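See structure below.
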Amino acid sequence: MPELPEVETVVRTLAPYLIGRTIVSARFTSRFVTPGNRAKLARQVAGRRIESVLRRGKFIVIRFDESALAVHLGMTGKLLTAGVEGAHTHGVFTLDDGVLLYDDPRQFGRIEWGDARVKKLGPEPLEIGLTEFSRALRKRKTRVKALLLNQAFLAGLGNIYVDEILFASGIHPLAHASRLSATRAAKLHQAMIDTLRLAIEHRGSSISDYVDADGNRGNFQMLHRVYGREGEPCTVCGAAIKKAVVASRGTHYCPVCQKR
């Protein structure tokens with residue numbers, strides 16, 4: 001699933017193409033991607049001028065005058081500025097100059113009118129300060145990996161980047177959030193910022209389907225230190241990277257470098 005760095009990259013490639021454009025018409029074909037009245041949604045967006053394109057957590061928010069369209073890419077969703085309509089195209093936005101396509105083979109993504117779900121998200125990982133972050137950790141008596149995956153706690157982190165952040169901070173995914181010392185909380189906070197910034201710089205991780213709005217892949221997957229490296233040697237100590245299930249997610253970690 002595209003996470004914060006991937007969605008940020010999509011927004012950065014999408015914004016120059018969309019801002020100032022008017023949606024002449026729209027067409028939606030999936031009852032999963034666009035549940036409810038698809039004809040009504042098409043009417044709601046038609047004639048709207050796009051004022052801004054923003055990222056909030058893992059959502060892409062296309063803002064008009066007094067309303068917005070929220071897009072979640074799910075597992076395999078793509079917003080493409082130069083794509084060709086095909087069997088997996090479930091959204092077509094005809095603009096006054098160009099076309100925007102939404103492709104999604106597995107149809108786990110969502111295109112929704114309004115930003116009700118977006119407003120329920122927690123703080124942005126790249127914006128939350130250390131004091132607020134540390135205070136929030138101390139209040140949560142849960143495993144740190146499960147907590148970082150919770151979108152109401154922080155918006156935008158997913159399995160890939162939580163694994164990488166925990167490795168960079170030397171914290172085991174099963175460590176208790178409320179028991180982290182001030183020093184370890186600070187390391188976690190800094191690792192989160194550094195990892196996400198580096199991933200954005202490298203345009204995200206293309207593990208399977210992810211491409212940006214121009215159809216280009218990211219390359220941060222080449223820099224993964226634990227995610228997807230089960231059995232391979234740790235880049236720091238040489239121990240074999242392990243994989244376990246934490247918070248119902250496959251979790252990669254170094255049994256030596258990461259402490260509870």
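Here, A, B, ... name the chains of the structure tokens in the order displayed, residue numbers run from 1 inside each chain, and ligands are numbered from 1 in the same displayed order.
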Hey, which bits of range 129-209 of chain A sit within 9 Å of range 232-247 of chain A, and for each residue what's the closest pair of atoms and how far apart in Å (one decimal), counting only C-alpha atoms, rows by chain and increasing number, as a Markdown table?
```
| residue | atom | partner | partner_atom | distance |
| --- | --- | --- | --- | --- |
| A:Arg143 | CA | A:Ala247 | CA | 8.4 |
| A:Lys145 | CA | A:Ala247 | CA | 7.3 |
| A:Ala146 | CA | A:Ala247 | CA | 5.3 |
| A:Leu147 | CA | A:Ala247 | CA | 9.0 |
| A:Leu149 | CA | A:Ala247 | CA | 8.5 |
| A:Pro173 | CA | A:Val246 | CA | 7.4 |
| A:Leu174 | CA | A:Val246 | CA | 7.4 |
```
For range 68-100 of chain A against range 12-30 of chain A, with a cut-off of 6 Å and counting only C-alpha atoms, what is the closest atom pair and its distance in Å to one decimal for every residue that makes the cut, ordered by chain and number, as CSV?
```
residue,atom,partner,partner_atom,distance
A:His90,CA,A:Thr29,CA,5.0
A:Gly91,CA,A:Phe28,CA,4.6
A:Val92,CA,A:Arg27,CA,5.2
A:Phe93,CA,A:Ala26,CA,4.5
A:Thr94,CA,A:Ser25,CA,5.3
A:Leu95,CA,A:Ile23,CA,4.5
A:Asp96,CA,A:Thr22,CA,5.5
```
Subject >> Proximity to Thr183 in chain A - best of A:Thr81, A:Ser134, A:Asn37, A:Thr9, only C-alpha atoms >> reply: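 Under the stated criterion, the closest residue is A:Ser134.
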Subject >> range 50-231 of chain A: residues DSSP assigns to helix (DSSP H, G or I), reported as number ranges by chain >> reply: A: 118-120, 130-138, 144-149, 159-169, 177-179, 182-201, 220-223
Would you please extract all strand (DSSP E) residues from range 87-230 of chain A, as assigned by DSSP on the backbone, and give them as a PDB file with all heavy atoms, in the first residue's frame?
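Dumped to result_18.pdb:
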```
ATOM      1  N   THR A  89      -9.234   0.716 -15.278  1.00  0.00           N
ATOM      2  CA  THR A  89      -9.510   2.142 -15.091  1.00  0.00           C
ATOM      3  C   THR A  89     -10.904   2.294 -14.495  1.00  0.00           C
ATOM      4  O   THR A  89     -11.893   1.912 -15.110  1.00  0.00           O
ATOM      5  CB  THR A  89      -9.432   2.904 -16.419  1.00  0.00           C
ATOM      6  OG1 THR A  89      -8.123   2.729 -16.978  1.00  0.00           O
ATOM      7  CG2 THR A  89      -9.686   4.395 -16.208  1.00  0.00           C
ATOM      8  N   HIS A  90     -10.995   2.836 -13.291  1.00  0.00           N
ATOM      9  CA  HIS A  90     -12.277   2.956 -12.602  1.00  0.00           C
ATOM     10  C   HIS A  90     -12.657   4.403 -12.311  1.00  0.00           C
ATOM     11  O   HIS A  90     -13.646   4.657 -11.621  1.00  0.00           O
ATOM     12  CB  HIS A  90     -12.261   2.134 -11.316  1.00  0.00           C
ATOM     13  CG  HIS A  90     -12.049   0.670 -11.568  1.00  0.00           C
ATOM     14  ND1 HIS A  90     -12.975  -0.108 -12.225  1.00  0.00           N
ATOM     15  CD2 HIS A  90     -10.996  -0.148 -11.285  1.00  0.00           C
ATOM     16  CE1 HIS A  90     -12.522  -1.347 -12.316  1.00  0.00           C
ATOM     17  NE2 HIS A  90     -11.325  -1.391 -11.756  1.00  0.00           N
ATOM     18  N   GLY A  91     -11.874   5.325 -12.829  1.00  0.00           N
ATOM     19  CA  GLY A  91     -12.209   6.732 -12.712  1.00  0.00           C
ATOM     20  C   GLY A  91     -11.587   7.508 -13.853  1.00  0.00           C
ATOM     21  O   GLY A  91     -10.394   7.355 -14.133  1.00  0.00           O
ATOM     22  N   VAL A  92     -12.390   8.300 -14.551  1.00  0.00           N
ATOM     23  CA  VAL A  92     -11.896   9.120 -15.664  1.00  0.00           C
ATOM     24  C   VAL A  92     -12.343  10.551 -15.420  1.00  0.00           C
ATOM     25  O   VAL A  92     -13.543  10.838 -15.358  1.00  0.00           O
ATOM     26  CB  VAL A  92     -12.425   8.629 -17.026  1.00  0.00           C
ATOM     27  CG1 VAL A  92     -11.914   9.526 -18.148  1.00  0.00           C
ATOM     28  CG2 VAL A  92     -12.028   7.174 -17.264  1.00  0.00           C
ATOM     29  N   PHE A  93     -11.370  11.444 -15.252  1.00  0.00           N
ATOM     30  CA  PHE A  93     -11.648  12.869 -15.077  1.00  0.00           C
ATOM     31  C   PHE A  93     -11.224  13.594 -16.350  1.00  0.00           C
ATOM     32  O   PHE A  93     -10.027  13.686 -16.644  1.00  0.00           O
ATOM     33  CB  PHE A  93     -10.873  13.440 -13.891  1.00  0.00           C
ATOM     34  CG  PHE A  93     -11.197  12.809 -12.570  1.00  0.00           C
ATOM     35  CD1 PHE A  93     -10.533  11.650 -12.149  1.00  0.00           C
ATOM     36  CD2 PHE A  93     -12.162  13.366 -11.735  1.00  0.00           C
ATOM     37  CE1 PHE A  93     -10.822  11.072 -10.923  1.00  0.00           C
ATOM     38  CE2 PHE A  93     -12.457  12.794 -10.503  1.00  0.00           C
ATOM     39  CZ  PHE A  93     -11.786  11.645 -10.102  1.00  0.00           C
ATOM     40  N   THR A  94     -12.201  14.070 -17.095  1.00  0.00           N
ATOM     41  CA  THR A  94     -11.903  14.850 -18.296  1.00  0.00           C
ATOM     42  C   THR A  94     -11.744  16.308 -17.886  1.00  0.00           C
ATOM     43  O   THR A  94     -12.665  16.912 -17.328  1.00  0.00           O
ATOM     44  CB  THR A  94     -13.015  14.705 -19.338  1.00  0.00           C
ATOM     45  OG1 THR A  94     -13.154  13.321 -19.694  1.00  0.00           O
ATOM     46  CG2 THR A  94     -12.690  15.512 -20.592  1.00  0.00           C
ATOM     47  N   LEU A  95     -10.568  16.859 -18.141  1.00  0.00           N
ATOM     48  CA  LEU A  95     -10.258  18.228 -17.735  1.00  0.00           C
ATOM     49  C   LEU A  95     -10.393  19.177 -18.912  1.00  0.00           C
ATOM     50  O   LEU A  95     -10.507  18.743 -20.065  1.00  0.00           O
ATOM     51  CB  LEU A  95      -8.831  18.290 -17.185  1.00  0.00           C
ATOM     52  CG  LEU A  95      -8.465  17.250 -16.116  1.00  0.00           C
ATOM     53  CD1 LEU A  95      -6.990  17.335 -15.786  1.00  0.00           C
ATOM     54  CD2 LEU A  95      -9.314  17.439 -14.878  1.00  0.00           C
ATOM     55  N   VAL A  99      -6.538  14.746 -19.347  1.00  0.00           N
ATOM     56  CA  VAL A  99      -7.373  13.729 -18.689  1.00  0.00           C
ATOM     57  C   VAL A  99      -6.584  13.150 -17.516  1.00  0.00           C
ATOM     58  O   VAL A  99      -5.367  12.958 -17.602  1.00  0.00           O
ATOM     59  CB  VAL A  99      -7.756  12.591 -19.666  1.00  0.00           C
ATOM     60  CG1 VAL A  99      -8.531  11.494 -18.946  1.00  0.00           C
ATOM     61  CG2 VAL A  99      -8.559  13.129 -20.828  1.00  0.00           C
ATOM     62  N   LEU A 100      -7.280  12.876 -16.423  1.00  0.00           N
ATOM     63  CA  LEU A 100      -6.687  12.201 -15.269  1.00  0.00           C
ATOM     64  C   LEU A 100      -7.397  10.867 -15.105  1.00  0.00           C
ATOM     65  O   LEU A 100      -8.629  10.809 -15.070  1.00  0.00           O
ATOM     66  CB  LEU A 100      -6.861  13.044 -14.013  1.00  0.00           C
ATOM     67  CG  LEU A 100      -6.357  12.426 -12.701  1.00  0.00           C
ATOM     68  CD1 LEU A 100      -4.838  12.284 -12.713  1.00  0.00           C
ATOM     69  CD2 LEU A 100      -6.817  13.252 -11.503  1.00  0.00           C
ATOM     70  N   LEU A 101      -6.616   9.781 -15.010  1.00  0.00           N
ATOM     71  CA  LEU A 101      -7.183   8.445 -14.871  1.00  0.00           C
ATOM     72  C   LEU A 101      -6.897   7.879 -13.485  1.00  0.00           C
ATOM     73  O   LEU A 101      -5.827   8.104 -12.920  1.00  0.00           O
ATOM     74  CB  LEU A 101      -6.586   7.494 -15.920  1.00  0.00           C
ATOM     75  CG  LEU A 101      -6.755   7.865 -17.388  1.00  0.00           C
ATOM     76  CD1 LEU A 101      -6.097   6.797 -18.264  1.00  0.00           C
ATOM     77  CD2 LEU A 101      -8.214   8.038 -17.752  1.00  0.00           C
ATOM     78  N   TYR A 102      -7.862   7.133 -12.963  1.00  0.00           N
ATOM     79  CA  TYR A 102      -7.649   6.373 -11.735  1.00  0.00           C
ATOM     80  C   TYR A 102      -7.705   4.894 -12.095  1.00  0.00           C
ATOM     81  O   TYR A 102      -8.745   4.384 -12.507  1.00  0.00           O
ATOM     82  CB  TYR A 102      -8.706   6.688 -10.672  1.00  0.00           C
ATOM     83  CG  TYR A 102      -8.507   5.853  -9.420  1.00  0.00           C
ATOM     84  CD1 TYR A 102      -7.600   6.245  -8.447  1.00  0.00           C
ATOM     85  CD2 TYR A 102      -9.193   4.654  -9.239  1.00  0.00           C
ATOM     86  CE1 TYR A 102      -7.383   5.470  -7.316  1.00  0.00           C
ATOM     87  CE2 TYR A 102      -8.983   3.875  -8.108  1.00  0.00           C
ATOM     88  CZ  TYR A 102      -8.073   4.284  -7.156  1.00  0.00           C
ATOM     89  OH  TYR A 102      -7.851   3.519  -6.050  1.00  0.00           O
ATOM     90  N   ASP A 103      -6.566   4.208 -11.960  1.00  0.00           N
ATOM     91  CA  ASP A 103      -6.472   2.775 -12.223  1.00  0.00           C
ATOM     92  C   ASP A 103      -6.317   2.031 -10.911  1.00  0.00           C
ATOM     93  O   ASP A 103      -5.589   2.484 -10.018  1.00  0.00           O
ATOM     94  CB  ASP A 103      -5.263   2.468 -13.108  1.00  0.00           C
ATOM     95  CG  ASP A 103      -5.518   2.743 -14.579  1.00  0.00           C
ATOM     96  OD1 ASP A 103      -6.540   3.381 -14.887  1.00  0.00           O
ATOM     97  OD2 ASP A 103      -4.692   2.336 -15.412  1.00  0.00           O
ATOM     98  N   ARG A 110     -10.224   4.231  -2.687  1.00  0.00           N
ATOM     99  CA  ARG A 110     -11.490   4.940  -2.551  1.00  0.00           C
ATOM    100  C   ARG A 110     -11.391   6.349  -3.144  1.00  0.00           C
ATOM    101  O   ARG A 110     -10.375   7.034  -2.988  1.00  0.00           O
ATOM    102  CB  ARG A 110     -11.903   5.073  -1.083  1.00  0.00           C
ATOM    103  CG  ARG A 110     -12.251   3.772  -0.391  1.00  0.00           C
ATOM    104  CD  ARG A 110     -13.562   3.182  -0.908  1.00  0.00           C
ATOM    105  NE  ARG A 110     -13.928   1.974  -0.183  1.00  0.00           N
ATOM    106  CZ  ARG A 110     -13.512   0.753  -0.509  1.00  0.00           C
ATOM    107  NH1 ARG A 110     -12.714   0.598  -1.553  1.00  0.00           N
ATOM    108  NH2 ARG A 110     -13.882  -0.291   0.193  1.00  0.00           N
ATOM    109  N   ILE A 111     -12.452   6.753  -3.806  1.00  0.00           N
ATOM    110  CA  ILE A 111     -12.619   8.132  -4.247  1.00  0.00           C
ATOM    111  C   ILE A 111     -13.896   8.624  -3.589  1.00  0.00           C
ATOM    112  O   ILE A 111     -14.984   8.088  -3.838  1.00  0.00           O
ATOM    113  CB  ILE A 111     -12.730   8.236  -5.779  1.00  0.00           C
ATOM    114  CG1 ILE A 111     -11.458   7.686  -6.443  1.00  0.00           C
ATOM    115  CG2 ILE A 111     -12.962   9.682  -6.209  1.00  0.00           C
ATOM    116  CD1 ILE A 111     -11.537   7.641  -7.967  1.00  0.00           C
ATOM    117  N   GLU A 112     -13.781   9.630  -2.718  1.00  0.00           N
ATOM    118  CA  GLU A 112     -14.913  10.052  -1.900  1.00  0.00           C
ATOM    119  C   GLU A 112     -15.128  11.557  -1.991  1.00  0.00           C
ATOM    120  O   GLU A 112     -14.161  12.330  -2.046  1.00  0.00           O
ATOM    121  CB  GLU A 112     -14.663   9.683  -0.428  1.00  0.00           C
ATOM    122  CG  GLU A 112     -14.404   8.215  -0.180  1.00  0.00           C
ATOM    123  CD  GLU A 112     -13.965   7.944   1.252  1.00  0.00           C
ATOM    124  OE1 GLU A 112     -13.613   8.915   1.954  1.00  0.00           O
ATOM    125  OE2 GLU A 112     -13.962   6.775   1.658  1.00  0.00           O
ATOM    126  N   TRP A 113     -16.366  11.966  -1.987  1.00  0.00           N
ATOM    127  CA  TRP A 113     -16.710  13.382  -1.912  1.00  0.00           C
ATOM    128  C   TRP A 113     -16.568  13.845  -0.463  1.00  0.00           C
ATOM    129  O   TRP A 113     -17.065  13.221   0.455  1.00  0.00           O
ATOM    130  CB  TRP A 113     -18.129  13.609  -2.402  1.00  0.00           C
ATOM    131  CG  TRP A 113     -18.527  15.056  -2.412  1.00  0.00           C
ATOM    132  CD1 TRP A 113     -19.383  15.685  -1.550  1.00  0.00           C
ATOM    133  CD2 TRP A 113     -18.080  16.049  -3.323  1.00  0.00           C
ATOM    134  NE1 TRP A 113     -19.484  17.014  -1.874  1.00  0.00           N
ATOM    135  CE2 TRP A 113     -18.692  17.273  -2.960  1.00  0.00           C
ATOM    136  CE3 TRP A 113     -17.209  16.040  -4.415  1.00  0.00           C
ATOM    137  CZ2 TRP A 113     -18.475  18.460  -3.653  1.00  0.00           C
ATOM    138  CZ3 TRP A 113     -16.981  17.218  -5.106  1.00  0.00           C
ATOM    139  CH2 TRP A 113     -17.613  18.406  -4.719  1.00  0.00           C
TER     140      TRP A 113
END
```
**OP:** Pick out the residues sitting within 6 Å of range 219-221 of chain A, and hand them over as a PyMOL selection string; count only C-alpha atoms, and ignore anything fewer than 4 positions along from it in its own chain.
**Re:** chain A and resi 199+202+204-205
Within 12 Å of range 158-171 of chain A: each range 27-123 of chain A residue with its shortest pair, only C-alpha atoms, as a Markdown table:
```
| residue | atom | partner | partner_atom | distance |
| --- | --- | --- | --- | --- |
| A:Gly57 | CA | A:Gly158 | CA | 10.1 |
| A:Lys58 | CA | A:Gly158 | CA | 9.0 |
| A:Gly74 | CA | A:Gly158 | CA | 11.6 |
| A:Met75 | CA | A:Gly158 | CA | 11.6 |
```
**OP:** Tell me which of A:Gly86, A:Pro35, A:Pro125, A:Pro105 sits closest to Asp209 in chain A, counting only C-alpha atoms.
**Re:**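 Smallest separation from Asp209 in chain A among the options: A:Pro105.
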Range 128-131 of chain A surroundings by only C-alpha atoms, 10 Å radius, close-in-sequence under 2 positions cut, as a PDB file with all heavy atoms, in the first residue's frame:
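Below is the file out.pdb, written as the result:
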```pdb
ATOM      1  N   GLY A 122      -4.652  11.433  12.674  1.00  0.00           N
ATOM      2  CA  GLY A 122      -3.769  11.998  13.678  1.00  0.00           C
ATOM      3  C   GLY A 122      -2.798  12.997  13.078  1.00  0.00           C
ATOM      4  O   GLY A 122      -2.888  13.341  11.899  1.00  0.00           O
ATOM      5  N   PRO A 123      -1.837  13.472  13.860  1.00  0.00           N
ATOM      6  CA  PRO A 123      -0.858  14.451  13.379  1.00  0.00           C
ATOM      7  C   PRO A 123       0.011  13.891  12.257  1.00  0.00           C
ATOM      8  O   PRO A 123       0.153  12.671  12.102  1.00  0.00           O
ATOM      9  CB  PRO A 123      -0.006  14.748  14.623  1.00  0.00           C
ATOM     10  CG  PRO A 123      -0.815  14.270  15.783  1.00  0.00           C
ATOM     11  CD  PRO A 123      -1.646  13.136  15.285  1.00  0.00           C
ATOM     12  N   GLU A 124       0.616  14.789  11.502  1.00  0.00           N
ATOM     13  CA  GLU A 124       1.545  14.402  10.450  1.00  0.00           C
ATOM     14  C   GLU A 124       2.906  14.062  11.070  1.00  0.00           C
ATOM     15  O   GLU A 124       3.431  14.830  11.883  1.00  0.00           O
ATOM     16  CB  GLU A 124       1.715  15.547   9.445  1.00  0.00           C
ATOM     17  CG  GLU A 124       0.534  15.736   8.523  1.00  0.00           C
ATOM     18  CD  GLU A 124       0.438  14.630   7.478  1.00  0.00           C
ATOM     19  OE1 GLU A 124       1.500  14.090   7.079  1.00  0.00           O
ATOM     20  OE2 GLU A 124      -0.694  14.303   7.084  1.00  0.00           O
ATOM     21  N   PRO A 125       3.514  12.933  10.689  1.00  0.00           N
ATOM     22  CA  PRO A 125       4.811  12.540  11.257  1.00  0.00           C
ATOM     23  C   PRO A 125       5.925  13.559  11.043  1.00  0.00           C
ATOM     24  O   PRO A 125       6.820  13.673  11.871  1.00  0.00           O
ATOM     25  CB  PRO A 125       5.123  11.226  10.527  1.00  0.00           C
ATOM     26  CG  PRO A 125       3.791  10.695  10.130  1.00  0.00           C
ATOM     27  CD  PRO A 125       2.964  11.897   9.806  1.00  0.00           C
ATOM     28  N   LEU A 126       5.880  14.290   9.932  1.00  0.00           N
ATOM     29  CA  LEU A 126       6.928  15.266   9.647  1.00  0.00           C
ATOM     30  C   LEU A 126       6.653  16.628  10.283  1.00  0.00           C
ATOM     31  O   LEU A 126       7.452  17.551  10.145  1.00  0.00           O
ATOM     32  CB  LEU A 126       7.111  15.425   8.138  1.00  0.00           C
ATOM     33  CG  LEU A 126       7.765  14.230   7.443  1.00  0.00           C
ATOM     34  CD1 LEU A 126       7.717  14.390   5.927  1.00  0.00           C
ATOM     35  CD2 LEU A 126       9.210  14.042   7.909  1.00  0.00           C
ATOM     36  N   PHE A 133       5.163  14.397  20.589  1.00  0.00           N
ATOM     37  CA  PHE A 133       5.346  12.990  20.233  1.00  0.00           C
ATOM     38  C   PHE A 133       5.651  12.151  21.474  1.00  0.00           C
ATOM     39  O   PHE A 133       5.035  11.100  21.707  1.00  0.00           O
ATOM     40  CB  PHE A 133       6.477  12.870  19.209  1.00  0.00           C
ATOM     41  CG  PHE A 133       6.781  11.467  18.766  1.00  0.00           C
ATOM     42  CD1 PHE A 133       5.903  10.779  17.944  1.00  0.00           C
ATOM     43  CD2 PHE A 133       7.957  10.852  19.158  1.00  0.00           C
ATOM     44  CE1 PHE A 133       6.194   9.482  17.519  1.00  0.00           C
ATOM     45  CE2 PHE A 133       8.251   9.557  18.750  1.00  0.00           C
ATOM     46  CZ  PHE A 133       7.373   8.879  17.926  1.00  0.00           C
ATOM     47  N   SER A 134       6.596  12.616  22.293  1.00  0.00           N
ATOM     48  CA  SER A 134       6.985  11.876  23.496  1.00  0.00           C
ATOM     49  C   SER A 134       5.827  11.767  24.477  1.00  0.00           C
ATOM     50  O   SER A 134       5.606  10.711  25.096  1.00  0.00           O
ATOM     51  CB  SER A 134       8.178  12.563  24.165  1.00  0.00           C
ATOM     52  OG  SER A 134       9.296  12.593  23.297  1.00  0.00           O
ATOM     53  N   ARG A 135       5.075  12.851  24.630  1.00  0.00           N
ATOM     54  CA  ARG A 135       3.929  12.841  25.538  1.00  0.00           C
ATOM     55  C   ARG A 135       2.881  11.831  25.064  1.00  0.00           C
ATOM     56  O   ARG A 135       2.309  11.084  25.868  1.00  0.00           O
ATOM     57  CB  ARG A 135       3.316  14.242  25.606  1.00  0.00           C
ATOM     58  CG  ARG A 135       2.197  14.363  26.634  1.00  0.00           C
ATOM     59  CD  ARG A 135       1.564  15.737  26.602  1.00  0.00           C
ATOM     60  NE  ARG A 135       2.543  16.782  26.869  1.00  0.00           N
ATOM     61  CZ  ARG A 135       2.844  17.761  26.020  1.00  0.00           C
ATOM     62  NH1 ARG A 135       2.238  17.838  24.848  1.00  0.00           N
ATOM     63  NH2 ARG A 135       3.736  18.680  26.346  1.00  0.00           N
ATOM     64  N   ALA A 136       2.653  11.779  23.758  1.00  0.00           N
ATOM     65  CA  ALA A 136       1.671  10.847  23.200  1.00  0.00           C
ATOM     66  C   ALA A 136       2.117   9.398  23.396  1.00  0.00           C
ATOM     67  O   ALA A 136       1.297   8.522  23.690  1.00  0.00           O
ATOM     68  CB  ALA A 136       1.453  11.147  21.723  1.00  0.00           C
ATOM     69  N   LEU A 154      -0.741   8.696  14.349  1.00  0.00           N
ATOM     70  CA  LEU A 154       0.039   9.447  13.356  1.00  0.00           C
ATOM     71  C   LEU A 154      -0.498   9.084  11.981  1.00  0.00           C
ATOM     72  O   LEU A 154      -0.832   7.930  11.725  1.00  0.00           O
ATOM     73  CB  LEU A 154       1.521   9.088  13.424  1.00  0.00           C
ATOM     74  CG  LEU A 154       2.353   9.623  14.586  1.00  0.00           C
ATOM     75  CD1 LEU A 154       3.769   9.074  14.501  1.00  0.00           C
ATOM     76  CD2 LEU A 154       2.374  11.146  14.599  1.00  0.00           C
ATOM     77  N   ALA A 182      13.058   8.803  27.555  1.00  0.00           N
ATOM     78  CA  ALA A 182      13.087  10.064  26.799  1.00  0.00           C
ATOM     79  C   ALA A 182      14.117  10.003  25.686  1.00  0.00           C
ATOM     80  O   ALA A 182      13.892  10.497  24.577  1.00  0.00           O
ATOM     81  CB  ALA A 182      13.383  11.221  27.744  1.00  0.00           C
ATOM     82  N   ALA A 185      12.747   7.731  22.904  1.00  0.00           N
ATOM     83  CA  ALA A 185      11.663   8.436  22.204  1.00  0.00           C
ATOM     84  C   ALA A 185      12.237   9.470  21.250  1.00  0.00           C
ATOM     85  O   ALA A 185      11.742   9.648  20.123  1.00  0.00           O
ATOM     86  CB  ALA A 185      10.737   9.100  23.217  1.00  0.00           C
ATOM     87  N   ALA A 186      13.271  10.166  21.672  1.00  0.00           N
ATOM     88  CA  ALA A 186      13.916  11.165  20.814  1.00  0.00           C
ATOM     89  C   ALA A 186      14.564  10.509  19.602  1.00  0.00           C
ATOM     90  O   ALA A 186      14.508  11.038  18.479  1.00  0.00           O
ATOM     91  CB  ALA A 186      14.958  11.951  21.614  1.00  0.00           C
ATOM     92  N   LYS A 187      15.195   9.343  19.812  1.00  0.00           N
ATOM     93  CA  LYS A 187      15.793   8.611  18.689  1.00  0.00           C
ATOM     94  C   LYS A 187      14.721   8.170  17.699  1.00  0.00           C
ATOM     95  O   LYS A 187      14.913   8.238  16.483  1.00  0.00           O
ATOM     96  CB  LYS A 187      16.558   7.385  19.214  1.00  0.00           C
ATOM     97  CG  LYS A 187      17.904   7.700  19.824  1.00  0.00           C
ATOM     98  CD  LYS A 187      18.635   6.407  20.187  1.00  0.00           C
ATOM     99  CE  LYS A 187      20.016   6.695  20.741  1.00  0.00           C
ATOM    100  NZ  LYS A 187      20.746   5.443  21.089  1.00  0.00           N
ATOM    101  N   LEU A 188      13.607   7.717  18.230  1.00  0.00           N
ATOM    102  CA  LEU A 188      12.503   7.279  17.374  1.00  0.00           C
ATOM    103  C   LEU A 188      11.963   8.448  16.566  1.00  0.00           C
ATOM    104  O   LEU A 188      11.717   8.318  15.360  1.00  0.00           O
ATOM    105  CB  LEU A 188      11.399   6.665  18.236  1.00  0.00           C
ATOM    106  CG  LEU A 188      10.154   6.157  17.514  1.00  0.00           C
ATOM    107  CD1 LEU A 188      10.509   5.089  16.492  1.00  0.00           C
ATOM    108  CD2 LEU A 188       9.139   5.608  18.527  1.00  0.00           C
ATOM    109  N   HIS A 189      11.778   9.565  17.197  1.00  0.00           N
ATOM    110  CA  HIS A 189      11.267  10.762  16.524  1.00  0.00           C
ATOM    111  C   HIS A 189      12.212  11.203  15.411  1.00  0.00           C
ATOM    112  O   HIS A 189      11.780  11.486  14.284  1.00  0.00           O
ATOM    113  CB  HIS A 189      11.083  11.886  17.544  1.00  0.00           C
ATOM    114  CG  HIS A 189      10.515  13.141  16.979  1.00  0.00           C
ATOM    115  ND1 HIS A 189      11.307  14.227  16.652  1.00  0.00           N
ATOM    116  CD2 HIS A 189       9.240  13.491  16.669  1.00  0.00           C
ATOM    117  CE1 HIS A 189      10.554  15.188  16.170  1.00  0.00           C
ATOM    118  NE2 HIS A 189       9.291  14.773  16.176  1.00  0.00           N
ATOM    119  N   GLN A 190      13.504  11.242  15.700  1.00  0.00           N
ATOM    120  CA  GLN A 190      14.471  11.664  14.685  1.00  0.00           C
ATOM    121  C   GLN A 190      14.569  10.658  13.550  1.00  0.00           C
ATOM    122  O   GLN A 190      14.674  11.029  12.372  1.00  0.00           O
ATOM    123  CB  GLN A 190      15.846  11.873  15.313  1.00  0.00           C
ATOM    124  CG  GLN A 190      16.846  12.577  14.393  1.00  0.00           C
ATOM    125  CD  GLN A 190      16.370  13.953  13.981  1.00  0.00           C
ATOM    126  OE1 GLN A 190      16.021  14.782  14.819  1.00  0.00           O
ATOM    127  NE2 GLN A 190      16.323  14.215  12.677  1.00  0.00           N
ATOM    128  N   ILE A 193      11.662  11.159  11.145  1.00  0.00           N
ATOM    129  CA  ILE A 193      11.850  12.309  10.260  1.00  0.00           C
ATOM    130  C   ILE A 193      12.889  12.000   9.188  1.00  0.00           C
ATOM    131  O   ILE A 193      12.658  12.237   7.993  1.00  0.00           O
ATOM    132  CB  ILE A 193      12.261  13.542  11.082  1.00  0.00           C
ATOM    133  CG1 ILE A 193      11.099  13.992  11.966  1.00  0.00           C
ATOM    134  CG2 ILE A 193      12.711  14.685  10.169  1.00  0.00           C
ATOM    135  CD1 ILE A 193      11.461  15.070  12.960  1.00  0.00           C
TER     136      ILE A 193
END
```
Original post:
Taking only C-alpha atoms into account, which of A:Asp65, A:Pro5, A:Gly83, A:Lys40 comes nearest Ala213 in chain A?
Top reply: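 Of all the options, A:Gly83 lies closest to Ala213 in chain A.
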Subject >> Selected residue of minimal separation from Arg229 in chain A among A:Gln107, A:Ser208, A:Thr251, A:Ser52, counting only C-alpha atoms >> reply: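 Looking at the shortest contact to Arg229 in chain A, the residue is A:Thr251.
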**OP:** Between CA of Ala82 in chain A and CA of Arg43 in chain A, measure the distance and give it in Å to one decimal.
**Re:**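 Taking CA of Ala82 in chain A as the start and CA of Arg43 in chain A as the end point, the length is 23.7 Å.
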